[in-house]
>>> print(open('target-v1.pdb').read())   # PDB, C-alpha atoms
ATOM      1  CA  MET A   1       9.863   6.529  27.964  1.00  0.00           C
ATOM      2  CA  LEU A   2      11.730   9.816  28.154  1.00  0.00           C
ATOM      3  CA  SER A   3      10.190  12.895  29.697  1.00  0.00           C
ATOM      4  CA  PRO A   4       9.802  15.970  27.454  1.00  0.00           C
ATOM      5  CA  LYS A   5      12.849  17.602  29.074  1.00  0.00           C
ATOM      6  CA  GLN A   6      14.987  14.497  28.597  1.00  0.00           C
ATOM      7  CA  ALA A   7      13.843  14.149  24.984  1.00  0.00           C
ATOM      8  CA  ALA A   8      14.636  17.815  24.350  1.00  0.00           C
ATOM      9  CA  ALA A   9      18.111  17.280  25.847  1.00  0.00           C
ATOM     10  CA  ASP A  10      18.661  14.285  23.552  1.00  0.00           C
ATOM     11  CA  LEU A  11      17.548  16.422  20.631  1.00  0.00           C
ATOM     12  CA  ARG A  12      20.135  19.066  21.505  1.00  0.00           C
ATOM     13  CA  ASP A  13      22.829  16.384  21.816  1.00  0.00           C
ATOM     14  CA  ILE A  14      21.995  15.099  18.331  1.00  0.00           C
ATOM     15  CA  GLN A  15      22.152  18.594  16.876  1.00  0.00           C
ATOM     16  CA  THR A  16      25.512  19.196  18.571  1.00  0.00           C
ATOM     17  CA  ALA A  17      26.886  15.917  17.214  1.00  0.00           C
ATOM     18  CA  VAL A  18      25.770  16.760  13.669  1.00  0.00           C
ATOM     19  CA  ASP A  19      27.302  20.242  13.934  1.00  0.00           C
ATOM     20  CA  LYS A  20      30.585  18.701  15.101  1.00  0.00           C
ATOM     21  CA  PHE A  21      30.471  16.177  12.256  1.00  0.00           C
ATOM     22  CA  THR A  22      29.913  19.008   9.759  1.00  0.00           C
ATOM     23  CA  ALA A  23      32.851  20.978  11.149  1.00  0.00           C
ATOM     24  CA  ASP A  24      35.073  17.879  10.943  1.00  0.00           C
ATOM     25  CA  LEU A  25      34.144  17.385   7.294  1.00  0.00           C
ATOM     26  CA  VAL A  26      34.987  20.993   6.485  1.00  0.00           C
ATOM     27  CA  GLU A  27      38.345  20.589   8.209  1.00  0.00           C
ATOM     28  CA  ARG A  28      39.116  17.301   6.446  1.00  0.00           C
ATOM     29  CA  ARG A  29      38.152  18.557   2.997  1.00  0.00           C
ATOM     30  CA  PRO A  30      41.300  18.894   0.863  1.00  0.00           C
ATOM     31  CA  GLU A  31      41.474  22.246  -0.889  1.00  0.00           C
ATOM     32  CA  ARG A  32      43.740  21.052  -3.671  1.00  0.00           C
ATOM     33  CA  GLY A  33      45.845  18.122  -4.701  1.00  0.00           C
ATOM     34  CA  PRO A  34      45.114  14.658  -6.083  1.00  0.00           C
ATOM     35  CA  ALA A  35      42.347  13.839  -3.556  1.00  0.00           C
ATOM     36  CA  GLN A  36      39.631  14.787  -6.015  1.00  0.00           C
ATOM     37  CA  ASP A  37      37.316  11.859  -5.176  1.00  0.00           C
ATOM     38  CA  GLU A  38      37.487  12.549  -1.442  1.00  0.00           C
ATOM     39  CA  ARG A  39      36.813  16.240  -2.004  1.00  0.00           C
ATOM     40  CA  ARG A  40      33.810  15.450  -4.199  1.00  0.00           C
ATOM     41  CA  ALA A  41      32.394  12.991  -1.649  1.00  0.00           C
ATOM     42  CA  ILE A  42      32.732  15.499   1.193  1.00  0.00           C
ATOM     43  CA  ASP A  43      31.131  18.213  -0.928  1.00  0.00           C
ATOM     44  CA  ILE A  44      28.111  15.982  -1.571  1.00  0.00           C
ATOM     45  CA  VAL A  45      27.660  15.299   2.150  1.00  0.00           C
ATOM     46  CA  LEU A  46      28.088  18.968   3.068  1.00  0.00           C
ATOM     47  CA  GLU A  47      25.623  20.025   0.391  1.00  0.00           C
ATOM     48  CA  HIS A  48      23.001  17.651   1.776  1.00  0.00           C
ATOM     49  CA  LEU A  49      23.640  18.828   5.325  1.00  0.00           C
ATOM     50  CA  VAL A  50      23.178  22.446   4.288  1.00  0.00           C
ATOM     51  CA  ARG A  51      20.026  21.677   2.313  1.00  0.00           C
ATOM     52  CA  HIS A  52      18.362  19.183   4.648  1.00  0.00           C
ATOM     53  CA  GLY A  53      20.085  19.737   7.984  1.00  0.00           C
ATOM     54  CA  HIS A  54      17.160  21.603   9.511  1.00  0.00           C
ATOM     55  CA  PHE A  55      14.834  18.679   8.800  1.00  0.00           C
ATOM     56  CA  LEU A  56      16.931  15.863  10.289  1.00  0.00           C
ATOM     57  CA  TRP A  57      15.237  16.043  13.687  1.00  0.00           C
ATOM     58  CA  GLY A  58      12.096  17.234  15.361  1.00  0.00           C
ATOM     59  CA  HIS A  59      11.454  20.522  17.089  1.00  0.00           C
ATOM     60  CA  ALA A  60      11.255  21.403  20.770  1.00  0.00           C
ATOM     61  CA  ILE A  61       8.580  24.076  21.203  1.00  0.00           C
ATOM     62  CA  LYS A  62       8.290  26.037  24.430  1.00  0.00           C
ATOM     63  CA  LEU A  63       4.677  26.769  25.267  1.00  0.00           C
ATOM     64  CA  PRO A  64       3.697  30.061  26.912  1.00  0.00           C
ATOM     65  CA  ALA A  65       2.591  30.078  30.514  1.00  0.00           C
ATOM     66  CA  SER A  66      -0.926  31.073  29.444  1.00  0.00           C
ATOM     67  CA  VAL A  67      -1.485  27.568  28.051  1.00  0.00           C
ATOM     68  CA  GLY A  68       0.294  25.681  30.800  1.00  0.00           C
ATOM     69  CA  GLY A  69       3.928  26.128  29.789  1.00  0.00           C
ATOM     70  CA  GLY A  70       6.317  23.245  29.367  1.00  0.00           C
ATOM     71  CA  ILE A  71       7.887  21.757  26.270  1.00  0.00           C
ATOM     72  CA  ARG A  72       6.226  19.941  23.393  1.00  0.00           C
ATOM     73  CA  LEU A  73       8.234  17.865  20.963  1.00  0.00           C
ATOM     74  CA  VAL A  74       7.170  17.766  17.321  1.00  0.00           C
ATOM     75  CA  ASP A  75       8.303  14.736  15.330  1.00  0.00           C
ATOM     76  CA  ARG A  76      10.424  15.235  12.251  1.00  0.00           C
ATOM     77  CA  THR A  77       7.966  13.269  10.138  1.00  0.00           C
ATOM     78  CA  ASN A  78       4.474  11.839  10.424  1.00  0.00           C
ATOM     79  CA  ASN A  79       5.821   8.283  10.313  1.00  0.00           C
ATOM     80  CA  ALA A  80       4.068   7.381  13.563  1.00  0.00           C
ATOM     81  CA  GLN A  81       0.662   8.406  12.196  1.00  0.00           C
ATOM     82  CA  GLU A  82       1.299   6.704   8.855  1.00  0.00           C
ATOM     83  CA  THR A  83       2.348   3.487  10.598  1.00  0.00           C
ATOM     84  CA  LEU A  84      -0.761   3.575  12.772  1.00  0.00           C
ATOM     85  CA  PHE A  85      -2.993   4.057   9.723  1.00  0.00           C
ATOM     86  CA  HIS A  86      -1.204   1.249   7.856  1.00  0.00           C
ATOM     87  CA  ASN A  87      -1.649  -1.191  10.738  1.00  0.00           C
ATOM     88  CA  PHE A  88      -5.275  -0.133  11.158  1.00  0.00           C
ATOM     89  CA  LYS A  89      -6.028  -0.796   7.484  1.00  0.00           C
ATOM     90  CA  HIS A  90      -4.173  -4.112   7.649  1.00  0.00           C
ATOM     91  CA  GLY A  91      -6.361  -5.250  10.527  1.00  0.00           C
ATOM     92  CA  GLU A  92      -9.527  -4.081   8.772  1.00  0.00           C
ATOM     93  CA  ARG A  93      -8.502  -5.893   5.588  1.00  0.00           C
ATOM     94  CA  ARG A  94      -7.981  -9.118   7.528  1.00  0.00           C
ATOM     95  CA  ARG A  95     -11.340  -8.679   9.240  1.00  0.00           C
ATOM     96  CA  SER A  96     -13.368  -7.989   6.103  1.00  0.00           C
ATOM     97  CA  GLY A  97     -11.365  -9.924   3.526  1.00  0.00           C
ATOM     98  CA  ARG A  98     -11.738  -7.060   1.062  1.00  0.00           C
ATOM     99  CA  LYS A  99      -8.900  -5.446  -0.837  1.00  0.00           C
ATOM    100  CA  VAL A 100     -10.573  -2.077  -1.375  1.00  0.00           C
ATOM    101  CA  LEU A 101     -11.436  -0.540   1.987  1.00  0.00           C
ATOM    102  CA  SER A 102     -12.811   2.849   0.942  1.00  0.00           C
ATOM    103  CA  GLN A 103     -16.373   2.154   2.065  1.00  0.00           C
ATOM    104  CA  ASP A 104     -15.270   0.278   5.187  1.00  0.00           C
ATOM    105  CA  MET A 105     -13.068   3.124   6.358  1.00  0.00           C
ATOM    106  CA  GLU A 106     -15.778   5.709   5.669  1.00  0.00           C
ATOM    107  CA  GLN A 107     -18.341   3.840   7.755  1.00  0.00           C
ATOM    108  CA  LEU A 108     -16.048   3.214  10.710  1.00  0.00           C
ATOM    109  CA  PRO A 109     -16.613   5.630  13.595  1.00  0.00           C
ATOM    110  CA  ALA A 110     -13.678   7.830  14.484  1.00  0.00           C
ATOM    111  CA  ALA A 111     -13.504   6.215  17.910  1.00  0.00           C
ATOM    112  CA  ALA A 112     -12.659   2.842  16.334  1.00  0.00           C
ATOM    113  CA  ALA A 113      -8.988   3.803  16.330  1.00  0.00           C
ATOM    114  CA  LEU A 114      -9.140   4.096  20.112  1.00  0.00           C
ATOM    115  CA  ALA A 115      -9.582   0.326  20.309  1.00  0.00           C
ATOM    116  CA  LEU A 116      -5.878   0.020  19.510  1.00  0.00           C
ATOM    117  CA  ASN A 117      -5.175   1.660  22.854  1.00  0.00           C
ATOM    118  CA  LEU A 118      -6.498  -1.463  24.564  1.00  0.00           C
ATOM    119  CA  GLN A 119      -3.069  -2.966  23.903  1.00  0.00           C
ATOM    120  CA  ARG A 120      -1.613  -0.480  26.390  1.00  0.00           C
ATOM    121  CA  GLU A 121      -1.786  -1.325  30.068  1.00  0.00           C
ATOM    122  CA  ASP A 122      -1.988   2.316  31.172  1.00  0.00           C
ATOM    123  CA  TYR A 123      -5.010   2.936  28.910  1.00  0.00           C
ATOM    124  CA  VAL A 124      -6.799  -0.164  30.211  1.00  0.00           C
ATOM    125  CA  ALA A 125      -6.031   0.957  33.762  1.00  0.00           C
ATOM    126  CA  LEU A 126      -7.738   4.301  33.107  1.00  0.00           C
ATOM    127  CA  LEU A 127     -10.690   2.614  31.442  1.00  0.00           C
ATOM    128  CA  CYS A 128     -11.505  -0.144  33.915  1.00  0.00           C
ATOM    129  CA  SER A 129      -8.553  -0.402  36.351  1.00  0.00           C
ATOM    130  CA  LYS A 130      -7.462  -3.862  35.116  1.00  0.00           C
ATOM    131  CA  ILE A 131      -7.822  -6.152  32.117  1.00  0.00           C
ATOM    132  CA  GLU A 132     -10.058  -8.616  33.971  1.00  0.00           C
ATOM    133  CA  LYS A 133     -12.785  -5.949  34.187  1.00  0.00           C
ATOM    134  CA  LEU A 134     -12.699  -5.101  30.479  1.00  0.00           C
ATOM    135  CA  PRO A 135     -15.577  -7.452  29.439  1.00  0.00           C
ATOM    136  CA  ALA A 136     -17.813  -5.905  32.087  1.00  0.00           C
ATOM    137  CA  ALA A 137     -16.904  -2.406  30.891  1.00  0.00           C
ATOM    138  CA  PHE A 138     -17.914  -3.302  27.334  1.00  0.00           C
ATOM    139  CA  ALA A 139     -21.111  -4.967  28.542  1.00  0.00           C
ATOM    140  CA  GLU A 140     -22.183  -1.728  30.209  1.00  0.00           C
ATOM    141  CA  LEU A 141     -22.151   0.127  26.881  1.00  0.00           C
ATOM    142  CA  ASP A 142     -25.529  -1.293  25.833  1.00  0.00           C
ATOM    143  CA  ALA A 143     -26.692  -2.718  29.155  1.00  0.00           C
ATOM    144  CA  GLY A 144     -30.013  -0.875  28.889  1.00  0.00           C
ATOM    145  CA  ASN A 145     -31.072  -2.745  25.772  1.00  0.00           C
ATOM    146  CA  ARG A 146     -29.001  -5.658  24.525  1.00  0.00           C
ATOM    147  CA  ARG A 147     -30.998  -5.828  21.312  1.00  0.00           C
ATOM    148  CA  ARG A 148     -30.016  -2.297  20.338  1.00  0.00           C
ATOM    149  CA  SER A 149     -26.239  -2.198  20.450  1.00  0.00           C
ATOM    150  CA  VAL A 150     -24.250   0.793  19.233  1.00  0.00           C
ATOM    151  CA  LEU A 151     -23.817  -0.863  15.841  1.00  0.00           C
ATOM    152  CA  VAL A 152     -27.528  -1.589  15.527  1.00  0.00           C
ATOM    153  CA  VAL A 153     -28.524   1.952  16.500  1.00  0.00           C
ATOM    154  CA  LYS A 154     -26.325   3.381  13.745  1.00  0.00           C
ATOM    155  CA  ALA A 155     -27.647   0.904  11.199  1.00  0.00           C
ATOM    156  CA  ALA A 156     -31.257   1.567  12.207  1.00  0.00           C
ATOM    157  CA  ALA A 157     -30.884   5.204  11.229  1.00  0.00           C
ATOM    158  CA  ARG A 158     -30.222   4.110   7.642  1.00  0.00           C
ATOM    159  CA  VAL A 159     -33.340   1.978   7.159  1.00  0.00           C
ATOM    160  CA  ALA A 160     -36.951   3.034   6.882  1.00  0.00           C
ATOM    161  CA  ASP A 161     -38.240   0.641   9.529  1.00  0.00           C
ATOM    162  CA  ALA A 162     -35.934   0.372  12.528  1.00  0.00           C
ATOM    163  CA  THR A 163     -37.672  -2.809  13.650  1.00  0.00           C
ATOM    164  CA  GLU A 164     -36.128  -4.607  10.694  1.00  0.00           C
ATOM    165  CA  CYS A 165     -32.652  -3.827  11.949  1.00  0.00           C
ATOM    166  CA  ASP A 166     -31.149  -6.416  14.255  1.00  0.00           C
ATOM    167  CA  VAL A 167     -27.770  -7.469  15.521  1.00  0.00           C
ATOM    168  CA  VAL A 168     -27.341 -10.237  12.951  1.00  0.00           C
ATOM    169  CA  SER A 169     -27.968  -8.247   9.783  1.00  0.00           C
ATOM    170  CA  ALA A 170     -26.335  -5.069  11.069  1.00  0.00           C
ATOM    171  CA  SER A 171     -22.934  -6.740  11.024  1.00  0.00           C
ATOM    172  CA  LEU A 172     -23.247  -7.827   7.384  1.00  0.00           C
ATOM    173  CA  PRO A 173     -21.711  -5.966   4.426  1.00  0.00           C
ATOM    174  CA  THR A 174     -23.982  -3.472   2.672  1.00  0.00           C
ATOM    175  CA  GLU A 175     -24.460  -5.727  -0.364  1.00  0.00           C
ATOM    176  CA  ASP A 176     -25.614  -8.620   1.826  1.00  0.00           C
ATOM    177  CA  ARG A 177     -27.934  -6.434   3.896  1.00  0.00           C
ATOM    178  CA  ASN A 178     -29.730  -5.354   0.718  1.00  0.00           C
ATOM    179  CA  ILE A 179     -30.547  -9.019   0.080  1.00  0.00           C
ATOM    180  CA  ILE A 180     -31.331 -10.074   3.638  1.00  0.00           C
ATOM    181  CA  ARG A 181     -33.655  -7.158   4.400  1.00  0.00           C
ATOM    182  CA  THR A 182     -36.273  -7.875   1.735  1.00  0.00           C
ATOM    183  CA  ASP A 183     -39.846  -9.123   1.964  1.00  0.00           C
ATOM    184  CA  GLY A 184     -39.023 -12.039  -0.307  1.00  0.00           C
ATOM    185  CA  MET A 185     -36.226 -13.217   1.947  1.00  0.00           C
ATOM    186  CA  ASP A 186     -38.459 -12.836   5.008  1.00  0.00           C
ATOM    187  CA  ARG A 187     -41.125 -15.027   3.362  1.00  0.00           C
ATOM    188  CA  ARG A 188     -38.570 -17.701   2.526  1.00  0.00           C
ATOM    189  CA  ILE A 189     -37.229 -17.719   6.077  1.00  0.00           C
ATOM    190  CA  GLN A 190     -40.709 -17.920   7.597  1.00  0.00           C
ATOM    191  CA  ALA A 191     -41.714 -20.701   5.209  1.00  0.00           C
ATOM    192  CA  ALA A 192     -38.595 -22.655   6.090  1.00  0.00           C
ATOM    193  CA  ALA A 193     -39.260 -22.149   9.794  1.00  0.00           C
ATOM    194  CA  ARG A 194     -42.826 -23.510   9.474  1.00  0.00           C
ATOM    195  CA  SER A 195     -41.896 -26.493   7.338  1.00  0.00           C
ATOM    196  CA  ARG A 196     -41.034 -29.863   8.765  1.00  0.00           C
ATOM    197  CA  ALA A 197     -37.574 -31.237   8.471  1.00  0.00           C
ATOM    198  CA  PRO A 198     -37.392 -34.172   6.030  1.00  0.00           C
ATOM    199  CA  ARG A 199     -37.293 -37.566   7.646  1.00  0.00           C
ATOM    200  CA  PRO A 200     -34.149 -39.622   7.125  1.00  0.00           C
TER     201      PRO A 200
END
>>> encode(input="target-v1.pdb", output="structure tokens")
Amino acid sequence: MLSPKQAAADLRDIQTAVDKFTADLVERRPERGPAQDERRAIDIVLEHLVRHGHFLWGHAIKLPASVGGGIRLVDRTNNAQETLFHNFKHGERRRSGRKVLSQDMEQLPAAAALALNLQREDYVALLCSKIEKLPAAFAELDAGNRRRSVLVVKAAARVADATECDVVSASLPTEDRNIIRTDGMDRRIQAAARSRAPRP
């Protein structure tokens, strides 16, 4: 990966190359004569360079010393963010099996996107030094009370009686939770638990 200074130097090299290419086109453009098609083609390219030339690359911004100085590079587009969001939705769609993800995305915590960083070795190193320690790091998140995981705590805030909220039903879709968390379903489950299994 390039440092900010190296990336800024590459950016300047690209701008210089495009400027040279533009100057070459102007020099090659025939002013008159039978080369009408070539002249028209060059005019189209030059017109696009004039109109869109400033947006063909990112921007190197020098920060003032009051905020630490240095150089920050701004991408030309937000393609990186759009690609991340696309991949995130693709994974969520595979997990849930649903086509419409509006409700799923609204209920996901903002920190869920950070889970994608676990694919990076440097992020894992900061989190728990090495990948072998990752399960232990996750286990410590709710070590005080295994029954009340982060997911269960959030779900418990949405029900009247928090004692009815457990790990099993908290992971279900909203439509299924409305069926599972009913007195009628509880009675059926308790009756089934007390009944004897039929003999073969």
>>> atom_distance(input="target-v1.pdb", atom1="atom CA of Glu82 of chain A", atom2="atom CA of Val45 of chain A")
28.5 Å
>>> residues_around(input="target-v1.pdb", residues="segment 100-113 of chain A", least_positions_apart="3", cutoff="8 Å", atoms="all atoms listed in the file", output="list in words")
Phe88, Lys89, Glu92, Arg93, Leu116 and Asn117 of chain A
>>> atom_distance(input="target-v1.pdb", atom1="atom CA of Lys5 of chain A", atom2="atom CA of Gln81 of chain A")
22.8 Å
>>> resolve_selection(input="target-v1.pdb", expression="the PyMOL selection byres ((chain A and resi 15) around 12)", output="mmCIF file with C-alpha atoms, in the frame of the given file")
data_model
loop_
_atom_site.group_PDB
_atom_site.id
_atom_site.type_symbol
_atom_site.label_atom_id
_atom_site.label_comp_id
_atom_site.auth_asym_id
_atom_site.auth_seq_id
_atom_site.Cartn_x
_atom_site.Cartn_y
_atom_site.Cartn_z
ATOM 1 C CA ALA A 8 14.636 17.815 24.350
ATOM 2 C CA ALA A 9 18.111 17.280 25.847
ATOM 3 C CA ASP A 10 18.661 14.285 23.552
ATOM 4 C CA LEU A 11 17.548 16.422 20.631
ATOM 5 C CA ARG A 12 20.135 19.066 21.505
ATOM 6 C CA ASP A 13 22.829 16.384 21.816
ATOM 7 C CA ILE A 14 21.995 15.099 18.331
ATOM 8 C CA THR A 16 25.512 19.196 18.571
ATOM 9 C CA ALA A 17 26.886 15.917 17.214
ATOM 10 C CA VAL A 18 25.770 16.760 13.669
ATOM 11 C CA ASP A 19 27.302 20.242 13.934
ATOM 12 C CA LYS A 20 30.585 18.701 15.101
ATOM 13 C CA PHE A 21 30.471 16.177 12.256
ATOM 14 C CA THR A 22 29.913 19.008 9.759
ATOM 15 C CA LEU A 49 23.640 18.828 5.325
ATOM 16 C CA GLY A 53 20.085 19.737 7.984
ATOM 17 C CA HIS A 54 17.160 21.603 9.511
ATOM 18 C CA PHE A 55 14.834 18.679 8.800
ATOM 19 C CA LEU A 56 16.931 15.863 10.289
ATOM 20 C CA TRP A 57 15.237 16.043 13.687
ATOM 21 C CA GLY A 58 12.096 17.234 15.361
ATOM 22 C CA HIS A 59 11.454 20.522 17.089
ATOM 23 C CA ALA A 60 11.255 21.403 20.770
#
>>> axis_aligned_box(input="target-v1.pdb", around="segment 104-117 of chain A", padding_each_side="8 Å", output="JSON")
{"center_x": -11.8, "center_y": 3.9, "center_z": 14.0, "size_x": 29.2, "size_y": 23.8, "size_z": 33.7}
>>> atom_distance(input="target-v1.pdb", atom1="atom CA of Pro135 of chain A", atom2="atom CA of Arg98 of chain A")
28.6 Å
>>> residues_around(input="target-v1.pdb", residues="Ala137 of chain A", least_positions_apart="5", cutoff="12 Å", atoms="all atoms listed in the file", output="list of chain:residue names")
A:Val124, A:Ala125, A:Leu126, A:Leu127, A:Cys128, A:Ser129, A:Lys130, A:Ile131, A:Glu132, A:Asp142, A:Ala143
>>> residues_around(input="target-v1.pdb", residues="Leu46 of chain A", least_positions_apart="3", cutoff="9 Å", atoms="only C-alpha atoms", output="list in words")
Thr22, Leu25, Val26, Ala41, Ile42, Asp43, Leu49, Val50 and Arg51 of chain A
